[in-house]
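Read through the structure below, which is laid out as structure tokens, and then see the notes.
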Amino acid sequence: MTMLGIIGGTGMTQLDGLVIEREQALATPWGAPSSPLLHGRFAGIPLVFLARHGFDHDLPPHLVNYRANCWALREAGVRRVVAVNAVGGISGDCGPGSLVIPDQLIDYTWGRAHTYCDGEAEPLRHVDFTEPYTNEVREWLLWAGAAAGLEPRDGGIYAATQGPRLETAAEVDRLARDGCDVIGMTGMPEAALARELGLEYACCAVVVNWAAGRGGDIHEELEQWVETGMAAARRLLEFALSGEDAA
Ligand code: HPA
């Protein structure tokens with residue numbers, strides 16, 4: 001069975017229901033990952049969990065060591081990664097509480113260590129990123145979401161913004177004109193680094209607010225949407241893993 005890694009973001013600094021068997025603090029050539037890796041069983045299936053912002057959620061999106069995180073997961077034997085990311089919704093059908101399995105992304109981040117091809121340790125390679133997410137993993141998540149009665153949105157464009165501030169209304173209008181459906185701060189360079197390492201990778205985006213200027217006060221009810229959205233993501237993962245043999 002392909003070893004699964006889950007990268008939990010805001011609202012998922014731990015994976016409730018994970019029966020932890022071992023904690024692994026891994027050093028990588030790129031520095032330390034955000035947290036030790038938790039090896040354990042979820043829905044009876046072995047997996048590895050990593051808290052993207054650290055167990056205490058004290059690492060802001062632009063300071064996460066994405067290179068160390070992806071590297072550590074691969075070192076630990078992970079070959080398939082599900083990234084859970086809290087996002088803001090832009091498109092009308094991406095309101096708070098919904099789950100989106102994006103099929104595309106646009107990278108608006110800057111100044112982040114975004115490649116292993118540093119001209120020294122790793123030779124230059126231009127990886128194919130036409131389809132930034134692994135379709136087989138996306139299909140698996142969509143199947144699990146449907147089985148769980150969650151109806152995740154099939155596809156959409158994830159806008160990766162720099163943060164940590166939220167966007168202006170005009171910036172969100174521009175992202176909408178670019179065709180983006182949801183916005184988050186951690187989708188990149190993680191997805192590209194996973195591709196450079198040959199990891200299968202897909203994103204489960206959990207909408208926790210309307211994007212700036214798209215209705216409502218961003219912080220109003222945010223905590224509640226984070227909680228219910230992440231509970232839904234956990235349920236989706238449970239179905240995905242329980243149906244591992246059927247998928
Ligand atoms: N913008 C960017 N990142 C986010 C948002 C948002 O509105 N909500 C959660 N992550």
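Naming works like this for the structure tokens: A, B, ... for the chains as they're shown, residue 1 at the start of each chain, ligands 1 onward in shown order.
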Show me which residues are within 9 Å of ligand 1 counting only C-alpha atoms and all ligand atoms, and format the list as a PyMOL selection string. chain A and resi 10+85-90+159-167+172+182-186+206-212+218+222
Neighbouring residues of segment 31-36 of chain A were defined as those with any atom within 9 Å, considering only C-alpha atoms; residues of the same chain fewer than 5 positions away were excluded. Please report them as a JSON list (two decimals) with C-alpha atoms, in the first residue's frame.
```json
[["chain", "number", "residue", "atom", "x", "y", "z"],
["A", 23, "GLU", "CA", 7.02, 10.56, 16.83],
["A", 24, "GLN", "CA", 9.95, 11.19, 14.48],
["A", 25, "ALA", "CA", 12.10, 14.34, 14.58],
["A", 26, "LEU", "CA", 13.84, 14.39, 11.22],
["A", 49, "PHE", "CA", 0.94, 13.36, 9.89],
["A", 50, "LEU", "CA", 2.75, 16.69, 9.73],
["A", 51, "ALA", "CA", 1.50, 19.97, 11.23],
["A", 52, "ARG", "CA", 2.34, 22.61, 8.61],
["A", 53, "HIS", "CA", 2.31, 25.51, 11.07],
["A", 54, "GLY", "CA", 3.77, 23.49, 13.96],
["A", 55, "PHE", "CA", 1.83, 21.85, 16.77],
["A", 59, "LEU", "CA", 4.70, 29.38, 12.02],
["A", 64, "VAL", "CA", 6.98, 27.57, 6.83],
["A", 65, "ASN", "CA", 9.93, 25.46, 5.68],
["A", 66, "TYR", "CA", 8.08, 23.82, 2.80],
["A", 67, "ARG", "CA", 11.26, 22.22, 1.47],
["A", 68, "ALA", "CA", 12.03, 20.51, 4.77],
["A", 69, "ASN", "CA", 8.42, 19.40, 5.18],
["A", 70, "CYS", "CA", 8.13, 17.65, 1.82],
["A", 71, "TRP", "CA", 11.64, 16.22, 2.11],
["A", 72, "ALA", "CA", 10.96, 14.80, 5.59]]
```
Mind running segment 38-113 of chain A against segment 121-131 of chain A at 12 Å and telling me each contacting residue's nearest atom pair with the distance in Å (one decimal), counting only C-alpha atoms, chain and number ascending, as a Markdown table?
```
| residue | atom | partner | partner_atom | distance |
| --- | --- | --- | --- | --- |
| A:Pro102 | CA | A:Glu131 | CA | 10.5 |
| A:Asp103 | CA | A:Glu131 | CA | 7.2 |
| A:Gln104 | CA | A:Glu131 | CA | 6.7 |
| A:Leu105 | CA | A:Glu131 | CA | 9.0 |
| A:Ile106 | CA | A:Phe129 | CA | 11.3 |
| A:Asp107 | CA | A:Phe129 | CA | 11.9 |
```
Can you write just those residues out, C-alpha atoms, as a tab-separated table (two decimals), in the first residue's frame?
```
chain	number	residue	atom	x	y	z
A	102	PRO	CA	-8.82	22.12	-6.80
A	103	ASP	CA	-7.39	21.01	-10.12
A	104	GLN	CA	-5.34	24.12	-10.83
A	105	LEU	CA	-3.47	26.86	-9.02
A	106	ILE	CA	-1.91	30.25	-9.60
A	107	ASP	CA	1.09	31.21	-7.51
```
Residues flagged helix (DSSP H, G or I) by DSSP in segment 1-243 of chain A, as a PDB file with N, CA and C atoms, in the first residue's frame:
```
ATOM      1  N   PRO A  61       2.522  31.513   7.330  1.00  0.00           N
ATOM      2  CA  PRO A  61       2.619  30.849   6.016  1.00  0.00           C
ATOM      3  C   PRO A  61       3.928  31.143   5.272  1.00  0.00           C
ATOM      4  N   HIS A  62       4.438  32.387   5.349  1.00  0.00           N
ATOM      5  CA  HIS A  62       5.634  32.721   4.573  1.00  0.00           C
ATOM      6  C   HIS A  62       6.914  32.207   5.230  1.00  0.00           C
ATOM      7  N   LEU A  63       6.816  31.701   6.474  1.00  0.00           N
ATOM      8  CA  LEU A  63       8.008  31.193   7.159  1.00  0.00           C
ATOM      9  C   LEU A  63       8.005  29.677   7.329  1.00  0.00           C
ATOM     10  N   TYR A  66       8.776  24.761   3.686  1.00  0.00           N
ATOM     11  CA  TYR A  66       8.084  23.817   2.805  1.00  0.00           C
ATOM     12  C   TYR A  66       9.050  22.756   2.257  1.00  0.00           C
ATOM     13  N   ARG A  67      10.292  23.180   2.000  1.00  0.00           N
ATOM     14  CA  ARG A  67      11.262  22.218   1.466  1.00  0.00           C
ATOM     15  C   ARG A  67      11.535  21.112   2.476  1.00  0.00           C
ATOM     16  N   ALA A  68      11.749  21.517   3.736  1.00  0.00           N
ATOM     17  CA  ALA A  68      12.032  20.506   4.771  1.00  0.00           C
ATOM     18  C   ALA A  68      10.812  19.610   4.987  1.00  0.00           C
ATOM     19  N   ASN A  69       9.633  20.190   4.936  1.00  0.00           N
ATOM     20  CA  ASN A  69       8.420  19.397   5.182  1.00  0.00           C
ATOM     21  C   ASN A  69       8.249  18.291   4.145  1.00  0.00           C
ATOM     22  N   CYS A  70       8.331  18.661   2.873  1.00  0.00           N
ATOM     23  CA  CYS A  70       8.125  17.654   1.817  1.00  0.00           C
ATOM     24  C   CYS A  70       9.258  16.631   1.838  1.00  0.00           C
ATOM     25  N   TRP A  71      10.469  17.107   2.069  1.00  0.00           N
ATOM     26  CA  TRP A  71      11.635  16.219   2.107  1.00  0.00           C
ATOM     27  C   TRP A  71      11.486  15.199   3.230  1.00  0.00           C
ATOM     28  N   ALA A  72      11.097  15.680   4.417  1.00  0.00           N
ATOM     29  CA  ALA A  72      10.962  14.799   5.586  1.00  0.00           C
ATOM     30  C   ALA A  72       9.907  13.725   5.319  1.00  0.00           C
ATOM     31  N   LEU A  73       8.804  14.126   4.704  1.00  0.00           N
ATOM     32  CA  LEU A  73       7.758  13.136   4.421  1.00  0.00           C
ATOM     33  C   LEU A  73       8.293  12.049   3.496  1.00  0.00           C
ATOM     34  N   ARG A  74       9.029  12.470   2.471  1.00  0.00           N
ATOM     35  CA  ARG A  74       9.560  11.459   1.546  1.00  0.00           C
ATOM     36  C   ARG A  74      10.572  10.554   2.262  1.00  0.00           C
ATOM     37  N   GLU A  75      11.422  11.172   3.095  1.00  0.00           N
ATOM     38  CA  GLU A  75      12.397  10.386   3.874  1.00  0.00           C
ATOM     39  C   GLU A  75      11.697   9.330   4.722  1.00  0.00           C
ATOM     40  N   ASN A 135      -3.989  13.599 -10.405  1.00  0.00           N
ATOM     41  CA  ASN A 135      -5.405  13.351 -10.656  1.00  0.00           C
ATOM     42  C   ASN A 135      -5.953  12.144  -9.908  1.00  0.00           C
ATOM     43  N   GLU A 136      -5.128  11.116  -9.802  1.00  0.00           N
ATOM     44  CA  GLU A 136      -5.572   9.898  -9.111  1.00  0.00           C
ATOM     45  C   GLU A 136      -5.912  10.213  -7.642  1.00  0.00           C
ATOM     46  N   VAL A 137      -5.131  11.075  -7.028  1.00  0.00           N
ATOM     47  CA  VAL A 137      -5.385  11.423  -5.619  1.00  0.00           C
ATOM     48  C   VAL A 137      -6.625  12.311  -5.519  1.00  0.00           C
ATOM     49  N   ARG A 138      -6.778  13.217  -6.473  1.00  0.00           N
ATOM     50  CA  ARG A 138      -7.981  14.058  -6.515  1.00  0.00           C
ATOM     51  C   ARG A 138      -9.232  13.191  -6.628  1.00  0.00           C
ATOM     52  N   GLU A 139      -9.179  12.221  -7.556  1.00  0.00           N
ATOM     53  CA  GLU A 139     -10.344  11.346  -7.766  1.00  0.00           C
ATOM     54  C   GLU A 139     -10.668  10.558  -6.498  1.00  0.00           C
ATOM     55  N   TRP A 140      -9.639  10.136  -5.827  1.00  0.00           N
ATOM     56  CA  TRP A 140      -9.805   9.374  -4.578  1.00  0.00           C
ATOM     57  C   TRP A 140     -10.518  10.241  -3.539  1.00  0.00           C
ATOM     58  N   LEU A 141     -10.089  11.500  -3.417  1.00  0.00           N
ATOM     59  CA  LEU A 141     -10.704  12.406  -2.442  1.00  0.00           C
ATOM     60  C   LEU A 141     -12.152  12.720  -2.834  1.00  0.00           C
ATOM     61  N   LEU A 142     -12.390  12.886  -4.115  1.00  0.00           N
ATOM     62  CA  LEU A 142     -13.758  13.182  -4.569  1.00  0.00           C
ATOM     63  C   LEU A 142     -14.673  11.993  -4.314  1.00  0.00           C
ATOM     64  N   TRP A 143     -14.154  10.814  -4.570  1.00  0.00           N
ATOM     65  CA  TRP A 143     -14.917   9.589  -4.311  1.00  0.00           C
ATOM     66  C   TRP A 143     -15.249   9.499  -2.820  1.00  0.00           C
ATOM     67  N   ALA A 144     -14.247   9.733  -1.970  1.00  0.00           N
ATOM     68  CA  ALA A 144     -14.452   9.639  -0.523  1.00  0.00           C
ATOM     69  C   ALA A 144     -15.442  10.709  -0.051  1.00  0.00           C
ATOM     70  N   GLY A 145     -15.317  11.909  -0.610  1.00  0.00           N
ATOM     71  CA  GLY A 145     -16.220  12.994  -0.229  1.00  0.00           C
ATOM     72  C   GLY A 145     -17.658  12.654  -0.577  1.00  0.00           C
ATOM     73  N   ALA A 146     -17.854  12.069  -1.760  1.00  0.00           N
ATOM     74  CA  ALA A 146     -19.207  11.676  -2.171  1.00  0.00           C
ATOM     75  C   ALA A 146     -19.719  10.566  -1.261  1.00  0.00           C
ATOM     76  N   ALA A 147     -18.857   9.597  -0.958  1.00  0.00           N
ATOM     77  CA  ALA A 147     -19.259   8.479  -0.087  1.00  0.00           C
ATOM     78  C   ALA A 147     -19.643   8.987   1.294  1.00  0.00           C
ATOM     79  N   ALA A 169     -10.093  44.123  -1.169  1.00  0.00           N
ATOM     80  CA  ALA A 169     -11.222  43.756  -2.034  1.00  0.00           C
ATOM     81  C   ALA A 169     -10.800  43.815  -3.504  1.00  0.00           C
ATOM     82  N   ALA A 170      -9.958  44.803  -3.854  1.00  0.00           N
ATOM     83  CA  ALA A 170      -9.513  44.929  -5.248  1.00  0.00           C
ATOM     84  C   ALA A 170      -8.627  43.748  -5.645  1.00  0.00           C
ATOM     85  N   GLU A 171      -7.807  43.293  -4.711  1.00  0.00           N
ATOM     86  CA  GLU A 171      -6.974  42.119  -5.021  1.00  0.00           C
ATOM     87  C   GLU A 171      -7.847  40.889  -5.268  1.00  0.00           C
ATOM     88  N   VAL A 172      -8.888  40.751  -4.466  1.00  0.00           N
ATOM     89  CA  VAL A 172      -9.790  39.602  -4.667  1.00  0.00           C
ATOM     90  C   VAL A 172     -10.497  39.726  -6.014  1.00  0.00           C
ATOM     91  N   ASP A 173     -10.894  40.951  -6.391  1.00  0.00           N
ATOM     92  CA  ASP A 173     -11.512  41.153  -7.714  1.00  0.00           C
ATOM     93  C   ASP A 173     -10.535  40.726  -8.816  1.00  0.00           C
ATOM     94  N   ARG A 174      -9.271  41.076  -8.639  1.00  0.00           N
ATOM     95  CA  ARG A 174      -8.280  40.680  -9.647  1.00  0.00           C
ATOM     96  C   ARG A 174      -8.137  39.158  -9.704  1.00  0.00           C
ATOM     97  N   LEU A 175      -8.097  38.522  -8.533  1.00  0.00           N
ATOM     98  CA  LEU A 175      -7.989  37.059  -8.507  1.00  0.00           C
ATOM     99  C   LEU A 175      -9.210  36.425  -9.195  1.00  0.00           C
ATOM    100  N   ALA A 176     -10.376  37.034  -8.968  1.00  0.00           N
ATOM    101  CA  ALA A 176     -11.593  36.521  -9.619  1.00  0.00           C
ATOM    102  C   ALA A 176     -11.465  36.671 -11.137  1.00  0.00           C
ATOM    103  N   ARG A 177     -10.938  37.811 -11.581  1.00  0.00           N
ATOM    104  CA  ARG A 177     -10.760  38.001 -13.037  1.00  0.00           C
ATOM    105  C   ARG A 177      -9.759  36.989 -13.600  1.00  0.00           C
ATOM    106  N   GLU A 190       4.431  24.453  -1.729  1.00  0.00           N
ATOM    107  CA  GLU A 190       4.320  23.052  -1.303  1.00  0.00           C
ATOM    108  C   GLU A 190       4.028  22.090  -2.468  1.00  0.00           C
ATOM    109  N   ALA A 191       3.027  22.470  -3.294  1.00  0.00           N
ATOM    110  CA  ALA A 191       2.624  21.566  -4.390  1.00  0.00           C
ATOM    111  C   ALA A 191       3.771  21.355  -5.379  1.00  0.00           C
ATOM    112  N   ALA A 192       4.512  22.402  -5.672  1.00  0.00           N
ATOM    113  CA  ALA A 192       5.602  22.290  -6.656  1.00  0.00           C
ATOM    114  C   ALA A 192       6.768  21.480  -6.090  1.00  0.00           C
ATOM    115  N   LEU A 193       7.033  21.654  -4.805  1.00  0.00           N
ATOM    116  CA  LEU A 193       8.118  20.888  -4.181  1.00  0.00           C
ATOM    117  C   LEU A 193       7.770  19.407  -4.142  1.00  0.00           C
ATOM    118  N   ALA A 194       6.500  19.118  -3.846  1.00  0.00           N
ATOM    119  CA  ALA A 194       6.058  17.723  -3.857  1.00  0.00           C
ATOM    120  C   ALA A 194       6.284  17.129  -5.251  1.00  0.00           C
ATOM    121  N   ARG A 195       5.967  17.903  -6.289  1.00  0.00           N
ATOM    122  CA  ARG A 195       6.168  17.429  -7.661  1.00  0.00           C
ATOM    123  C   ARG A 195       7.657  17.195  -7.927  1.00  0.00           C
ATOM    124  N   GLU A 196       8.510  18.103  -7.474  1.00  0.00           N
ATOM    125  CA  GLU A 196       9.955  17.918  -7.708  1.00  0.00           C
ATOM    126  C   GLU A 196      10.451  16.623  -7.066  1.00  0.00           C
ATOM    127  N   LEU A 222     -15.572  32.848  11.904  1.00  0.00           N
ATOM    128  CA  LEU A 222     -14.450  32.113  11.310  1.00  0.00           C
ATOM    129  C   LEU A 222     -14.128  30.848  12.098  1.00  0.00           C
ATOM    130  N   GLU A 223     -14.051  31.007  13.424  1.00  0.00           N
ATOM    131  CA  GLU A 223     -13.671  29.857  14.253  1.00  0.00           C
ATOM    132  C   GLU A 223     -14.642  28.697  14.071  1.00  0.00           C
ATOM    133  N   GLN A 224     -15.921  29.074  13.981  1.00  0.00           N
ATOM    134  CA  GLN A 224     -16.927  28.019  13.832  1.00  0.00           C
ATOM    135  C   GLN A 224     -16.752  27.298  12.488  1.00  0.00           C
ATOM    136  N   TRP A 225     -16.464  28.078  11.420  1.00  0.00           N
ATOM    137  CA  TRP A 225     -16.290  27.446  10.112  1.00  0.00           C
ATOM    138  C   TRP A 225     -15.020  26.621  10.050  1.00  0.00           C
ATOM    139  N   VAL A 226     -13.988  27.080  10.759  1.00  0.00           N
ATOM    140  CA  VAL A 226     -12.754  26.286  10.806  1.00  0.00           C
ATOM    141  C   VAL A 226     -13.068  24.946  11.462  1.00  0.00           C
ATOM    142  N   GLU A 227     -13.806  25.007  12.552  1.00  0.00           N
ATOM    143  CA  GLU A 227     -14.094  23.769  13.286  1.00  0.00           C
ATOM    144  C   GLU A 227     -14.960  22.806  12.456  1.00  0.00           C
ATOM    145  N   THR A 228     -16.058  23.341  11.903  1.00  0.00           N
ATOM    146  CA  THR A 228     -16.945  22.428  11.158  1.00  0.00           C
ATOM    147  C   THR A 228     -16.284  21.970   9.845  1.00  0.00           C
ATOM    148  N   GLY A 229     -15.555  22.883   9.214  1.00  0.00           N
ATOM    149  CA  GLY A 229     -14.889  22.527   7.951  1.00  0.00           C
ATOM    150  C   GLY A 229     -13.831  21.460   8.158  1.00  0.00           C
ATOM    151  N   MET A 230     -13.052  21.611   9.216  1.00  0.00           N
ATOM    152  CA  MET A 230     -11.990  20.626   9.457  1.00  0.00           C
ATOM    153  C   MET A 230     -12.585  19.287   9.889  1.00  0.00           C
ATOM    154  N   ALA A 231     -13.714  19.338  10.600  1.00  0.00           N
ATOM    155  CA  ALA A 231     -14.382  18.078  10.964  1.00  0.00           C
ATOM    156  C   ALA A 231     -14.828  17.365   9.684  1.00  0.00           C
ATOM    157  N   ALA A 232     -15.309  18.142   8.714  1.00  0.00           N
ATOM    158  CA  ALA A 232     -15.724  17.548   7.429  1.00  0.00           C
ATOM    159  C   ALA A 232     -14.516  16.956   6.701  1.00  0.00           C
ATOM    160  N   ALA A 233     -13.396  17.677   6.720  1.00  0.00           N
ATOM    161  CA  ALA A 233     -12.194  17.167   6.045  1.00  0.00           C
ATOM    162  C   ALA A 233     -11.737  15.859   6.691  1.00  0.00           C
ATOM    163  N   ARG A 234     -11.826  15.814   8.026  1.00  0.00           N
ATOM    164  CA  ARG A 234     -11.438  14.584   8.739  1.00  0.00           C
ATOM    165  C   ARG A 234     -12.342  13.420   8.341  1.00  0.00           C
ATOM    166  N   ARG A 235     -13.632  13.706   8.205  1.00  0.00           N
ATOM    167  CA  ARG A 235     -14.594  12.678   7.815  1.00  0.00           C
ATOM    168  C   ARG A 235     -14.276  12.172   6.399  1.00  0.00           C
ATOM    169  N   LEU A 236     -13.954  13.120   5.530  1.00  0.00           N
ATOM    170  CA  LEU A 236     -13.581  12.731   4.161  1.00  0.00           C
ATOM    171  C   LEU A 236     -12.359  11.800   4.202  1.00  0.00           C
ATOM    172  N   LEU A 237     -11.376  12.166   5.021  1.00  0.00           N
ATOM    173  CA  LEU A 237     -10.163  11.339   5.103  1.00  0.00           C
ATOM    174  C   LEU A 237     -10.485   9.949   5.658  1.00  0.00           C
ATOM    175  N   GLU A 238     -11.392   9.913   6.625  1.00  0.00           N
ATOM    176  CA  GLU A 238     -11.790   8.625   7.200  1.00  0.00           C
ATOM    177  C   GLU A 238     -12.392   7.730   6.125  1.00  0.00           C
ATOM    178  N   PHE A 239     -13.277   8.307   5.315  1.00  0.00           N
ATOM    179  CA  PHE A 239     -13.898   7.533   4.235  1.00  0.00           C
ATOM    180  C   PHE A 239     -12.841   7.126   3.210  1.00  0.00           C
ATOM    181  N   ALA A 240     -11.921   8.038   2.908  1.00  0.00           N
ATOM    182  CA  ALA A 240     -10.883   7.729   1.930  1.00  0.00           C
ATOM    183  C   ALA A 240     -10.075   6.522   2.391  1.00  0.00           C
ATOM    184  N   LEU A 241      -9.711   6.532   3.678  1.00  0.00           N
ATOM    185  CA  LEU A 241      -8.857   5.460   4.174  1.00  0.00           C
ATOM    186  C   LEU A 241      -9.638   4.167   4.382  1.00  0.00           C
ATOM    187  N   SER A 242     -10.887   4.285   4.813  1.00  0.00           N
ATOM    188  CA  SER A 242     -11.667   3.049   4.994  1.00  0.00           C
ATOM    189  C   SER A 242     -11.891   2.381   3.655  1.00  0.00           C
TER     190      SER A 242
END
```
Could you give me the residues within segment 54-236 of chain A that DSSP places in strand (DSSP E or B), as JSON, numbers by chain? {"A": [80, 81, 82, 83, 84, 85, 86, 87, 88, 89, 99, 100, 101, 104, 105, 106, 107, 153, 154, 157, 158, 159, 160, 182, 183, 184, 200, 201, 202, 203, 204, 205, 206, 207, 208, 209, 210]}
Write the selection just made, keeping C-alpha atoms, as a tab-separated table (two decimals), in the first residue's frame?
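And here is the file that came out, out-v1.tsv:
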```
chain	number	residue	atom	x	y	z
A	80	ARG	CA	1.14	10.12	-1.51
A	81	VAL	CA	0.27	13.40	0.20
A	82	VAL	CA	-3.08	14.95	1.03
A	83	ALA	CA	-2.65	18.62	1.92
A	84	VAL	CA	-5.42	20.14	3.99
A	85	ASN	CA	-5.60	23.92	3.54
A	86	ALA	CA	-7.97	26.50	5.03
A	87	VAL	CA	-9.04	28.95	2.31
A	88	GLY	CA	-11.25	31.92	1.61
A	89	GLY	CA	-14.01	31.52	-0.97
A	99	LEU	CA	-14.81	21.57	0.55
A	100	VAL	CA	-13.00	22.08	-2.75
A	101	ILE	CA	-10.61	19.68	-4.48
A	104	GLN	CA	-5.34	24.12	-10.83
A	105	LEU	CA	-3.47	26.86	-9.02
A	106	ILE	CA	-1.91	30.25	-9.60
A	107	ASP	CA	1.09	31.21	-7.51
A	153	ARG	CA	-16.46	20.69	-5.42
A	154	ASP	CA	-14.69	18.92	-8.26
A	157	ILE	CA	-8.33	27.32	-9.21
A	158	TYR	CA	-6.46	27.83	-5.93
A	159	ALA	CA	-4.81	31.26	-5.63
A	160	ALA	CA	-1.73	31.06	-3.40
A	182	VAL	CA	-10.47	30.03	-3.58
A	183	ILE	CA	-7.53	31.79	-1.86
A	184	GLY	CA	-5.04	30.42	0.60
A	200	GLU	CA	1.63	12.15	-5.53
A	201	TYR	CA	-0.10	15.23	-4.13
A	202	ALA	CA	-3.59	16.73	-3.94
A	203	CYS	CA	-5.24	19.42	-1.87
A	204	CYS	CA	-8.40	19.33	0.19
A	205	ALA	CA	-9.31	23.01	0.53
A	206	VAL	CA	-11.64	23.86	3.40
A	207	VAL	CA	-13.47	27.17	2.94
A	208	VAL	CA	-13.54	29.03	6.27
A	209	ASN	CA	-14.62	32.53	5.18
A	210	TRP	CA	-15.75	34.59	2.22
```
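For the atom pair formed by atom CA of Ala113 of chain A and atom CA of Met188 of chain A, the distance is 10.1 Å, given to one decimal.
Atom CA of Ala27 of chain A lies 15.8 Å from atom CA of Val78 of chain A.
What separates atom CA of Ala43 of chain A from atom CA of Asp56 of chain A is a distance of 24.6 Å.
Contact shell of Ile45 of chain A at 12 Å (only C-alpha atoms; same-chain neighbours under 6 positions omitted): A:Met1, A:Thr2, A:Met3, A:Leu4, A:Gly5, A:Gly17, A:Leu18, A:Val19, A:Ile20, A:Glu21, A:His39, A:Leu237, A:Glu238, A:Phe239, A:Ala240, A:Leu241, A:Ser242, A:Gly243, A:Glu244, A:Asp245.
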Pick out the closest residue to Gly111 of chain A from this set: A:Gly97, A:Pro132, A:Pro189, A:Gly149. Count only C-alpha atoms. A:Pro189
